[in-house]
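What follows is the content of query.txt (compact mmCIF, N, CA and C atoms).
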# COMPACT_ATOMS: atom_id res chain seq x y z
N MET A 1 -6.22 39.15 22.63
CA MET A 1 -5.29 38.22 22.00
C MET A 1 -5.69 36.79 22.39
N ALA A 2 -5.76 35.90 21.41
CA ALA A 2 -6.17 34.53 21.66
C ALA A 2 -5.06 33.75 22.36
N ALA A 3 -5.45 32.90 23.27
CA ALA A 3 -4.49 32.05 23.97
C ALA A 3 -3.94 31.01 23.00
N GLU A 4 -2.67 30.70 23.14
CA GLU A 4 -2.06 29.68 22.29
C GLU A 4 -2.59 28.31 22.69
N VAL A 5 -2.98 27.54 21.70
CA VAL A 5 -3.50 26.20 21.95
C VAL A 5 -2.34 25.22 21.96
N GLU A 6 -2.29 24.41 22.99
CA GLU A 6 -1.24 23.40 23.11
C GLU A 6 -1.44 22.33 22.04
N PRO A 7 -0.37 21.92 21.35
CA PRO A 7 -0.50 20.88 20.32
C PRO A 7 -1.09 19.59 20.89
N PHE A 8 -1.85 18.89 20.05
CA PHE A 8 -2.57 17.69 20.52
C PHE A 8 -1.66 16.65 21.16
N TRP A 9 -0.45 16.48 20.66
CA TRP A 9 0.43 15.43 21.20
C TRP A 9 0.95 15.77 22.60
N LYS A 10 0.76 17.00 23.02
CA LYS A 10 1.20 17.39 24.36
C LYS A 10 0.11 17.20 25.41
N HIS A 11 -1.14 17.13 24.98
CA HIS A 11 -2.22 17.02 25.97
C HIS A 11 -3.13 15.81 25.78
N LYS A 12 -2.88 15.02 24.75
CA LYS A 12 -3.68 13.80 24.54
C LYS A 12 -2.79 12.58 24.70
N THR A 13 -3.39 11.51 25.17
CA THR A 13 -2.68 10.23 25.18
C THR A 13 -2.86 9.61 23.80
N LEU A 14 -2.07 8.61 23.49
CA LEU A 14 -2.21 7.95 22.19
C LEU A 14 -3.62 7.41 21.99
N ASP A 15 -4.23 6.90 23.05
CA ASP A 15 -5.59 6.36 22.96
C ASP A 15 -6.63 7.43 22.64
N GLN A 16 -6.33 8.69 22.91
CA GLN A 16 -7.27 9.78 22.69
C GLN A 16 -7.17 10.39 21.29
N LEU A 17 -6.18 10.00 20.53
CA LEU A 17 -5.98 10.59 19.21
C LEU A 17 -7.02 10.10 18.22
N ASN A 18 -7.47 11.00 17.34
CA ASN A 18 -8.33 10.55 16.24
C ASN A 18 -7.43 10.00 15.13
N HIS A 19 -8.02 9.44 14.10
CA HIS A 19 -7.26 8.78 13.04
C HIS A 19 -6.26 9.75 12.38
N GLN A 20 -6.71 10.95 12.09
CA GLN A 20 -5.85 11.93 11.43
C GLN A 20 -4.66 12.32 12.32
N GLU A 21 -4.91 12.53 13.60
CA GLU A 21 -3.84 12.87 14.53
C GLU A 21 -2.84 11.72 14.64
N TRP A 22 -3.38 10.50 14.75
CA TRP A 22 -2.52 9.31 14.84
C TRP A 22 -1.59 9.22 13.64
N GLU A 23 -2.17 9.28 12.44
CA GLU A 23 -1.37 9.17 11.21
C GLU A 23 -0.36 10.30 11.10
N SER A 24 -0.71 11.50 11.58
CA SER A 24 0.18 12.66 11.45
C SER A 24 1.41 12.55 12.35
N LEU A 25 1.37 11.69 13.37
CA LEU A 25 2.56 11.51 14.22
C LEU A 25 3.72 10.88 13.45
N CYS A 26 3.40 10.16 12.39
CA CYS A 26 4.46 9.55 11.58
C CYS A 26 5.27 10.67 10.92
N ASP A 27 6.58 10.64 11.13
CA ASP A 27 7.42 11.70 10.56
C ASP A 27 7.86 11.40 9.13
N GLY A 28 7.56 10.21 8.63
CA GLY A 28 7.91 9.87 7.26
C GLY A 28 9.35 9.44 7.08
N CYS A 29 10.00 9.03 8.17
CA CYS A 29 11.42 8.63 8.06
C CYS A 29 11.58 7.27 7.39
N GLY A 30 10.58 6.40 7.51
CA GLY A 30 10.65 5.07 6.91
C GLY A 30 11.51 4.07 7.68
N LEU A 31 12.08 4.49 8.81
CA LEU A 31 12.96 3.58 9.55
C LEU A 31 12.24 2.33 10.04
N CYS A 32 10.97 2.47 10.38
CA CYS A 32 10.24 1.28 10.86
C CYS A 32 10.04 0.27 9.73
N CYS A 33 10.24 0.69 8.49
CA CYS A 33 10.07 -0.20 7.34
C CYS A 33 11.39 -0.81 6.86
N LEU A 34 12.44 -0.60 7.62
CA LEU A 34 13.71 -1.26 7.31
C LEU A 34 13.69 -2.65 7.93
N GLN A 35 14.38 -3.57 7.29
CA GLN A 35 14.47 -4.92 7.83
C GLN A 35 15.30 -4.88 9.11
N LYS A 36 14.88 -5.68 10.07
CA LYS A 36 15.54 -5.70 11.37
C LYS A 36 15.98 -7.12 11.71
N LEU A 37 17.02 -7.19 12.51
CA LEU A 37 17.50 -8.47 13.02
C LEU A 37 17.42 -8.42 14.54
N GLU A 38 17.03 -9.54 15.14
CA GLU A 38 16.93 -9.60 16.59
C GLU A 38 17.99 -10.53 17.14
N ASP A 39 18.70 -10.05 18.14
CA ASP A 39 19.70 -10.86 18.83
C ASP A 39 18.94 -11.81 19.76
N GLU A 40 19.05 -13.09 19.53
CA GLU A 40 18.30 -14.08 20.32
C GLU A 40 18.76 -14.14 21.77
N GLU A 41 20.00 -13.72 22.04
CA GLU A 41 20.52 -13.79 23.40
C GLU A 41 19.94 -12.71 24.31
N ASP A 42 19.86 -11.48 23.80
CA ASP A 42 19.37 -10.39 24.67
C ASP A 42 18.15 -9.66 24.10
N ASN A 43 17.58 -10.18 23.00
CA ASN A 43 16.40 -9.61 22.35
C ASN A 43 16.60 -8.20 21.81
N SER A 44 17.84 -7.76 21.64
CA SER A 44 18.11 -6.45 21.04
C SER A 44 17.67 -6.48 19.58
N VAL A 45 17.16 -5.35 19.11
CA VAL A 45 16.73 -5.22 17.72
C VAL A 45 17.72 -4.31 16.99
N TYR A 46 18.24 -4.80 15.88
CA TYR A 46 19.19 -4.06 15.06
C TYR A 46 18.56 -3.73 13.73
N TYR A 47 18.64 -2.47 13.35
CA TYR A 47 18.11 -2.02 12.07
C TYR A 47 19.17 -2.20 10.99
N THR A 48 18.73 -2.64 9.82
CA THR A 48 19.62 -2.71 8.67
C THR A 48 19.24 -1.56 7.73
N ARG A 49 20.03 -1.32 6.71
CA ARG A 49 19.67 -0.32 5.71
C ARG A 49 18.88 -0.94 4.56
N ILE A 50 18.38 -2.15 4.78
CA ILE A 50 17.63 -2.88 3.75
C ILE A 50 16.14 -2.59 3.92
N ALA A 51 15.55 -2.02 2.89
CA ALA A 51 14.16 -1.57 2.95
C ALA A 51 13.18 -2.68 2.60
N CYS A 52 12.03 -2.62 3.22
CA CYS A 52 10.90 -3.48 2.85
C CYS A 52 10.65 -3.30 1.36
N LYS A 53 10.18 -4.35 0.72
CA LYS A 53 9.97 -4.29 -0.73
C LYS A 53 8.96 -3.23 -1.16
N LEU A 54 8.11 -2.76 -0.25
CA LEU A 54 7.13 -1.73 -0.59
C LEU A 54 7.61 -0.31 -0.32
N LEU A 55 8.77 -0.15 0.32
CA LEU A 55 9.24 1.18 0.68
C LEU A 55 9.96 1.85 -0.48
N ASP A 56 9.55 3.07 -0.81
CA ASP A 56 10.22 3.86 -1.84
C ASP A 56 11.56 4.31 -1.25
N LEU A 57 12.67 4.00 -1.91
CA LEU A 57 14.00 4.23 -1.37
C LEU A 57 14.37 5.70 -1.25
N ASN A 58 13.65 6.58 -1.94
CA ASN A 58 13.95 8.01 -1.87
C ASN A 58 12.96 8.78 -1.01
N THR A 59 11.66 8.51 -1.18
CA THR A 59 10.66 9.27 -0.42
C THR A 59 10.43 8.69 0.98
N CYS A 60 10.84 7.44 1.19
CA CYS A 60 10.63 6.73 2.46
C CYS A 60 9.15 6.52 2.75
N GLN A 61 8.34 6.44 1.72
CA GLN A 61 6.91 6.20 1.86
C GLN A 61 6.58 4.81 1.34
N CYS A 62 5.59 4.19 1.96
CA CYS A 62 5.13 2.89 1.51
C CYS A 62 4.43 3.07 0.17
N SER A 63 4.77 2.22 -0.79
CA SER A 63 4.18 2.34 -2.12
C SER A 63 2.75 1.82 -2.19
N ASP A 64 2.31 1.08 -1.18
CA ASP A 64 0.93 0.59 -1.14
C ASP A 64 0.45 0.48 0.30
N TYR A 65 0.47 1.62 0.99
CA TYR A 65 0.14 1.66 2.42
C TYR A 65 -1.19 1.00 2.76
N PRO A 66 -2.28 1.29 2.03
CA PRO A 66 -3.57 0.68 2.41
C PRO A 66 -3.58 -0.86 2.31
N ASN A 67 -2.77 -1.42 1.42
CA ASN A 67 -2.77 -2.87 1.18
C ASN A 67 -1.49 -3.55 1.63
N ARG A 68 -0.69 -2.89 2.45
CA ARG A 68 0.63 -3.41 2.80
C ARG A 68 0.59 -4.77 3.48
N ILE A 69 -0.41 -5.02 4.31
CA ILE A 69 -0.50 -6.31 5.02
C ILE A 69 -0.73 -7.45 4.03
N LYS A 70 -1.43 -7.16 2.96
CA LYS A 70 -1.70 -8.17 1.93
C LYS A 70 -0.39 -8.62 1.26
N PHE A 71 0.52 -7.66 1.02
CA PHE A 71 1.76 -7.97 0.31
C PHE A 71 2.93 -8.27 1.24
N VAL A 72 2.85 -7.77 2.46
CA VAL A 72 3.90 -8.02 3.46
C VAL A 72 3.19 -8.45 4.74
N PRO A 73 2.84 -9.73 4.84
CA PRO A 73 2.03 -10.22 5.97
C PRO A 73 2.63 -9.94 7.35
N ASP A 74 3.96 -9.83 7.45
CA ASP A 74 4.55 -9.57 8.76
C ASP A 74 4.77 -8.08 9.03
N CYS A 75 4.20 -7.23 8.20
CA CYS A 75 4.25 -5.78 8.43
C CYS A 75 3.51 -5.50 9.74
N ILE A 76 4.13 -4.72 10.60
CA ILE A 76 3.53 -4.42 11.90
C ILE A 76 2.71 -3.14 11.79
N GLN A 77 1.43 -3.25 12.08
CA GLN A 77 0.56 -2.09 12.09
C GLN A 77 0.52 -1.54 13.51
N LEU A 78 1.05 -0.34 13.69
CA LEU A 78 1.09 0.27 15.01
C LEU A 78 -0.29 0.71 15.45
N THR A 79 -0.60 0.47 16.71
CA THR A 79 -1.86 0.92 17.30
C THR A 79 -1.56 1.50 18.68
N PRO A 80 -2.41 2.40 19.17
CA PRO A 80 -2.17 3.00 20.49
C PRO A 80 -2.04 1.97 21.61
N GLY A 81 -2.75 0.87 21.51
CA GLY A 81 -2.71 -0.16 22.55
C GLY A 81 -1.38 -0.87 22.66
N GLN A 82 -0.49 -0.66 21.69
CA GLN A 82 0.82 -1.32 21.70
C GLN A 82 1.93 -0.43 22.26
N ALA A 83 1.59 0.71 22.79
CA ALA A 83 2.60 1.71 23.17
C ALA A 83 3.73 1.14 24.03
N GLU A 84 3.41 0.21 24.92
CA GLU A 84 4.46 -0.35 25.77
C GLU A 84 5.45 -1.19 24.98
N GLU A 85 5.10 -1.54 23.75
CA GLU A 85 5.98 -2.35 22.90
C GLU A 85 6.77 -1.49 21.92
N PHE A 86 6.68 -0.17 21.99
CA PHE A 86 7.30 0.71 21.00
C PHE A 86 8.81 0.85 21.15
N LYS A 87 9.41 0.14 22.09
CA LYS A 87 10.86 0.28 22.32
C LYS A 87 11.69 -0.13 21.10
N TRP A 88 11.12 -0.92 20.20
CA TRP A 88 11.86 -1.34 19.02
C TRP A 88 11.88 -0.24 17.96
N LEU A 89 11.01 0.76 18.11
CA LEU A 89 10.99 1.86 17.15
C LEU A 89 12.22 2.74 17.36
N PRO A 90 12.64 3.45 16.32
CA PRO A 90 13.81 4.31 16.49
C PRO A 90 13.53 5.38 17.55
N PRO A 91 14.56 5.85 18.25
CA PRO A 91 14.36 6.82 19.32
C PRO A 91 13.79 8.16 18.84
N THR A 92 13.83 8.41 17.54
CA THR A 92 13.31 9.65 16.98
C THR A 92 11.83 9.55 16.58
N CYS A 93 11.25 8.36 16.64
CA CYS A 93 9.89 8.12 16.16
C CYS A 93 8.85 8.88 16.99
N GLY A 94 7.96 9.59 16.30
CA GLY A 94 6.91 10.35 16.97
C GLY A 94 6.02 9.49 17.84
N TYR A 95 5.68 8.29 17.38
CA TYR A 95 4.84 7.39 18.17
C TYR A 95 5.54 7.02 19.48
N ARG A 96 6.79 6.67 19.36
CA ARG A 96 7.55 6.28 20.55
C ARG A 96 7.71 7.47 21.51
N LEU A 97 8.07 8.63 20.97
CA LEU A 97 8.28 9.80 21.81
C LEU A 97 7.02 10.18 22.58
N VAL A 98 5.88 10.23 21.88
CA VAL A 98 4.63 10.60 22.54
C VAL A 98 4.24 9.53 23.57
N SER A 99 4.46 8.26 23.23
CA SER A 99 4.12 7.19 24.18
C SER A 99 4.96 7.29 25.45
N GLU A 100 6.17 7.86 25.33
CA GLU A 100 7.07 8.02 26.47
C GLU A 100 6.91 9.38 27.15
N GLY A 101 5.92 10.17 26.70
CA GLY A 101 5.67 11.48 27.31
C GLY A 101 6.66 12.55 26.91
N GLN A 102 7.36 12.35 25.80
CA GLN A 102 8.34 13.33 25.33
C GLN A 102 7.74 14.19 24.22
N ASP A 103 8.39 15.30 23.94
CA ASP A 103 7.94 16.20 22.88
C ASP A 103 8.51 15.73 21.53
N LEU A 104 7.92 16.21 20.47
CA LEU A 104 8.42 15.92 19.13
C LEU A 104 9.64 16.78 18.85
N PRO A 105 10.58 16.29 18.05
CA PRO A 105 11.79 17.07 17.74
C PRO A 105 11.47 18.26 16.84
N LEU A 106 12.35 19.23 16.82
CA LEU A 106 12.13 20.45 16.05
C LEU A 106 11.97 20.20 14.55
N TRP A 107 12.57 19.13 14.02
CA TRP A 107 12.48 18.83 12.60
C TRP A 107 11.20 18.09 12.23
N HIS A 108 10.41 17.65 13.20
CA HIS A 108 9.16 16.92 12.90
C HIS A 108 8.21 17.85 12.18
N HIS A 109 7.56 17.36 11.14
CA HIS A 109 6.69 18.20 10.32
C HIS A 109 5.57 18.86 11.10
N LEU A 110 5.10 18.25 12.19
CA LEU A 110 4.05 18.89 12.99
C LEU A 110 4.59 20.09 13.76
N VAL A 111 5.90 20.14 13.97
CA VAL A 111 6.53 21.26 14.67
C VAL A 111 6.98 22.33 13.69
N CYS A 112 7.68 21.92 12.63
CA CYS A 112 8.29 22.89 11.71
C CYS A 112 7.44 23.17 10.47
N GLY A 113 6.46 22.30 10.19
CA GLY A 113 5.60 22.50 9.01
C GLY A 113 6.20 22.03 7.71
N ASP A 114 7.30 21.32 7.73
CA ASP A 114 8.00 20.89 6.51
C ASP A 114 8.22 19.38 6.52
N ARG A 115 7.52 18.67 5.65
CA ARG A 115 7.63 17.21 5.60
C ARG A 115 9.00 16.74 5.11
N ASP A 116 9.76 17.60 4.45
CA ASP A 116 11.08 17.20 3.94
C ASP A 116 12.20 17.40 4.97
N ALA A 117 11.90 18.04 6.09
CA ALA A 117 12.94 18.29 7.10
C ALA A 117 13.54 16.98 7.61
N VAL A 118 12.73 15.94 7.73
CA VAL A 118 13.20 14.63 8.21
C VAL A 118 14.31 14.08 7.30
N HIS A 119 14.25 14.44 6.01
CA HIS A 119 15.27 13.98 5.07
C HIS A 119 16.50 14.90 5.09
N ARG A 120 16.25 16.22 5.13
CA ARG A 120 17.37 17.17 5.17
C ARG A 120 18.22 16.99 6.43
N GLU A 121 17.57 16.65 7.55
CA GLU A 121 18.28 16.43 8.81
C GLU A 121 18.93 15.05 8.87
N ARG A 122 18.71 14.26 7.81
CA ARG A 122 19.28 12.90 7.68
C ARG A 122 18.81 11.96 8.79
N ILE A 123 17.58 12.18 9.24
CA ILE A 123 16.94 11.25 10.18
C ILE A 123 16.53 10.01 9.40
N SER A 124 15.97 10.23 8.22
CA SER A 124 15.59 9.11 7.36
C SER A 124 16.83 8.53 6.69
N GLN A 125 16.64 7.42 6.04
CA GLN A 125 17.72 6.80 5.26
C GLN A 125 17.50 7.05 3.76
N SER A 126 16.77 8.10 3.44
CA SER A 126 16.47 8.43 2.04
C SER A 126 17.75 8.45 1.20
N GLY A 127 17.73 7.68 0.11
CA GLY A 127 18.88 7.61 -0.78
C GLY A 127 20.03 6.76 -0.26
N ARG A 128 19.89 6.20 0.94
CA ARG A 128 20.97 5.40 1.54
C ARG A 128 20.53 3.97 1.83
N MET A 129 19.32 3.62 1.39
CA MET A 129 18.79 2.27 1.65
C MET A 129 19.09 1.35 0.47
N LEU A 130 18.98 0.07 0.75
CA LEU A 130 19.13 -0.96 -0.28
C LEU A 130 17.80 -1.66 -0.45
N ALA A 131 17.50 -2.06 -1.67
CA ALA A 131 16.26 -2.79 -1.94
C ALA A 131 16.34 -4.18 -1.32
N GLU A 132 15.23 -4.62 -0.76
CA GLU A 132 15.18 -5.91 -0.07
C GLU A 132 15.72 -7.05 -0.92
N GLY A 133 15.35 -7.11 -2.17
CA GLY A 133 15.77 -8.20 -3.04
C GLY A 133 17.21 -8.12 -3.50
N SER A 134 17.88 -7.02 -3.21
CA SER A 134 19.25 -6.84 -3.71
C SER A 134 20.32 -7.43 -2.79
N VAL A 135 19.92 -7.85 -1.59
CA VAL A 135 20.87 -8.38 -0.62
C VAL A 135 20.35 -9.72 -0.10
N PRO A 136 21.12 -10.80 -0.25
CA PRO A 136 20.68 -12.09 0.31
C PRO A 136 20.47 -11.97 1.82
N GLU A 137 19.43 -12.59 2.34
CA GLU A 137 19.10 -12.48 3.76
C GLU A 137 20.27 -12.88 4.65
N ASP A 138 21.09 -13.83 4.21
CA ASP A 138 22.26 -14.25 5.00
C ASP A 138 23.28 -13.13 5.15
N ASP A 139 23.21 -12.09 4.30
CA ASP A 139 24.17 -11.00 4.34
C ASP A 139 23.62 -9.74 5.01
N TRP A 140 22.39 -9.78 5.51
CA TRP A 140 21.78 -8.59 6.13
C TRP A 140 22.62 -8.07 7.29
N GLU A 141 23.27 -8.97 8.00
CA GLU A 141 24.10 -8.59 9.15
C GLU A 141 25.21 -7.60 8.75
N ASP A 142 25.62 -7.65 7.49
CA ASP A 142 26.66 -6.75 7.00
C ASP A 142 26.16 -5.33 6.79
N HIS A 143 24.86 -5.10 6.97
CA HIS A 143 24.26 -3.80 6.67
C HIS A 143 23.53 -3.19 7.88
N LEU A 144 24.02 -3.48 9.07
CA LEU A 144 23.43 -2.91 10.28
C LEU A 144 23.74 -1.43 10.37
N ILE A 145 22.75 -0.64 10.83
CA ILE A 145 22.98 0.80 10.97
C ILE A 145 22.82 1.30 12.40
N PHE A 146 21.95 0.69 13.21
CA PHE A 146 21.85 1.05 14.62
C PHE A 146 21.04 0.03 15.37
N ARG A 147 21.15 0.10 16.69
CA ARG A 147 20.42 -0.78 17.59
C ARG A 147 19.30 0.02 18.24
N ALA A 148 18.11 -0.53 18.25
CA ALA A 148 16.97 0.14 18.91
C ALA A 148 17.00 -0.19 20.39
N GLY A 149 16.42 0.69 21.16
CA GLY A 149 16.33 0.36 22.57
C GLY A 149 16.67 1.49 23.47

Take the structure in the file and give it back as structure tokens.
Amino acid sequence: MAAEVEPFWKHKTLDQLNHQEWESLCDGCGLCCLQKLEDEEDNSVYYTRIACKLLDLNTCQCSDYPNRIKFVPDCIQLTPGQAEEFKWLPPTCGYRLVSEGQDLPLWHHLVCGDRDAVHRERISQSGRMLAEGSVPEDDWEDHLIFRAG
């Protein structure tokens, strides 16, 4: 009987991941693509339900992932070298969890094999987001959903 192989995220550091492994850590929730507000007094980051203009409001996927920086210059491209800065990511984020030495949740597609589980478990904001252009920036505060940290 063959020995069970430990999943890559349990025995590799973020720096050791290949491109495919790195990209697969994304659970597809789209939360990192929601507009955020930062409290200037304590640097807390608050997520709104307002989606980046490139985020599909139902699938939670970027509509132009390869060219997103061109259309959204302040889009943050996550890299393994930034792991110590991942505290602003949602607590359910695969990148954040692995960087903190934690396991992936049972609903993560790498664990359960189902990319739609993130939506069924209501981790994502699929169907509950607002388009960026539909809410004046001065009103974003009215649409806070959680604080990261």

Please provide the set of residues having any atom within 6.5 Å of Ile50 (chain A), restricted to all atoms listed in the file, with same-chain residues fewer than 3 positions apart removed, written as a PDB file with N, CA and C atoms, keeping the file's coordinate frame.
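As written to disk, part16.pdb reads:
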ATOM      1  N   CYS A  33      10.240   0.690   8.490  1.00  0.00           N
ATOM      2  CA  CYS A  33      10.070  -0.200   7.340  1.00  0.00           C
ATOM      3  C   CYS A  33      11.390  -0.810   6.860  1.00  0.00           C
ATOM      4  N   LEU A  34      12.440  -0.600   7.620  1.00  0.00           N
ATOM      5  CA  LEU A  34      13.710  -1.260   7.310  1.00  0.00           C
ATOM      6  C   LEU A  34      13.690  -2.650   7.930  1.00  0.00           C
ATOM      7  N   GLN A  35      14.380  -3.570   7.290  1.00  0.00           N
ATOM      8  CA  GLN A  35      14.470  -4.920   7.830  1.00  0.00           C
ATOM      9  C   GLN A  35      15.300  -4.880   9.110  1.00  0.00           C
ATOM     10  N   TYR A  47      18.640  -2.470  13.350  1.00  0.00           N
ATOM     11  CA  TYR A  47      18.110  -2.020  12.070  1.00  0.00           C
ATOM     12  C   TYR A  47      19.170  -2.200  10.990  1.00  0.00           C
ATOM     13  N   MET A 129      19.320   3.620   1.390  1.00  0.00           N
ATOM     14  CA  MET A 129      18.790   2.270   1.650  1.00  0.00           C
ATOM     15  C   MET A 129      19.090   1.350   0.470  1.00  0.00           C
ATOM     16  N   LEU A 130      18.980   0.070   0.750  1.00  0.00           N
ATOM     17  CA  LEU A 130      19.130  -0.960  -0.280  1.00  0.00           C
ATOM     18  C   LEU A 130      17.800  -1.660  -0.450  1.00  0.00           C
ATOM     19  N   ALA A 131      17.500  -2.060  -1.670  1.00  0.00           N
ATOM     20  CA  ALA A 131      16.260  -2.790  -1.940  1.00  0.00           C
ATOM     21  C   ALA A 131      16.340  -4.180  -1.320  1.00  0.00           C
ATOM     22  N   GLU A 132      15.230  -4.620  -0.760  1.00  0.00           N
ATOM     23  CA  GLU A 132      15.180  -5.910  -0.070  1.00  0.00           C
ATOM     24  C   GLU A 132      15.720  -7.050  -0.920  1.00  0.00           C
ATOM     25  N   HIS A 143      24.860  -5.100   6.970  1.00  0.00           N
ATOM     26  CA  HIS A 143      24.260  -3.800   6.670  1.00  0.00           C
ATOM     27  C   HIS A 143      23.530  -3.190   7.880  1.00  0.00           C
TER      28      HIS A 143
END

Q: Return the single residue from A:Arg120, A:Ala51, A:Val5, A:Ile69 that is closest to Gly30 (chain A), with distances computed using all atoms listed in the file.
A: A:Ala51

Nearby residues (all atoms listed in the file) at most 8 Å from Thr79 (chain A), same-chain spacing under 4 positions excluded, as a PDB file with N, CA and C atoms, in the coordinates of the input:
ATOM      1  N   LEU A  14      -2.070   8.610  23.490  1.00  0.00           N
ATOM      2  CA  LEU A  14      -2.210   7.950  22.190  1.00  0.00           C
ATOM      3  C   LEU A  14      -3.620   7.410  21.990  1.00  0.00           C
ATOM      4  N   ASP A  15      -4.230   6.900  23.050  1.00  0.00           N
ATOM      5  CA  ASP A  15      -5.590   6.360  22.960  1.00  0.00           C
ATOM      6  C   ASP A  15      -6.630   7.430  22.640  1.00  0.00           C
ATOM      7  N   ALA A  83       1.590   0.710  22.790  1.00  0.00           N
ATOM      8  CA  ALA A  83       2.600   1.710  23.170  1.00  0.00           C
ATOM      9  C   ALA A  83       3.730   1.140  24.030  1.00  0.00           C
TER      10      ALA A  83
END

Q: Rank A:Lys10, A:Lys70, A:Glu4, A:Glu121 by their smallest atom-to-atom distance to Leu104 (chain A), using only N, CA and C atoms, and report the top residue only.
A: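 Smallest separation from Leu104 (chain A) among the options: A:Lys10.
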
Q: For each of A:Ile123, A:Leu55, A:Leu110, A:Ala117, take the minimum atom-to-atom distance to Cys26 (chain A), counting only N, CA and C atoms, then give the residue where this is smallest.
A: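 Result for the nearest residue to Cys26 (chain A): A:Leu110.
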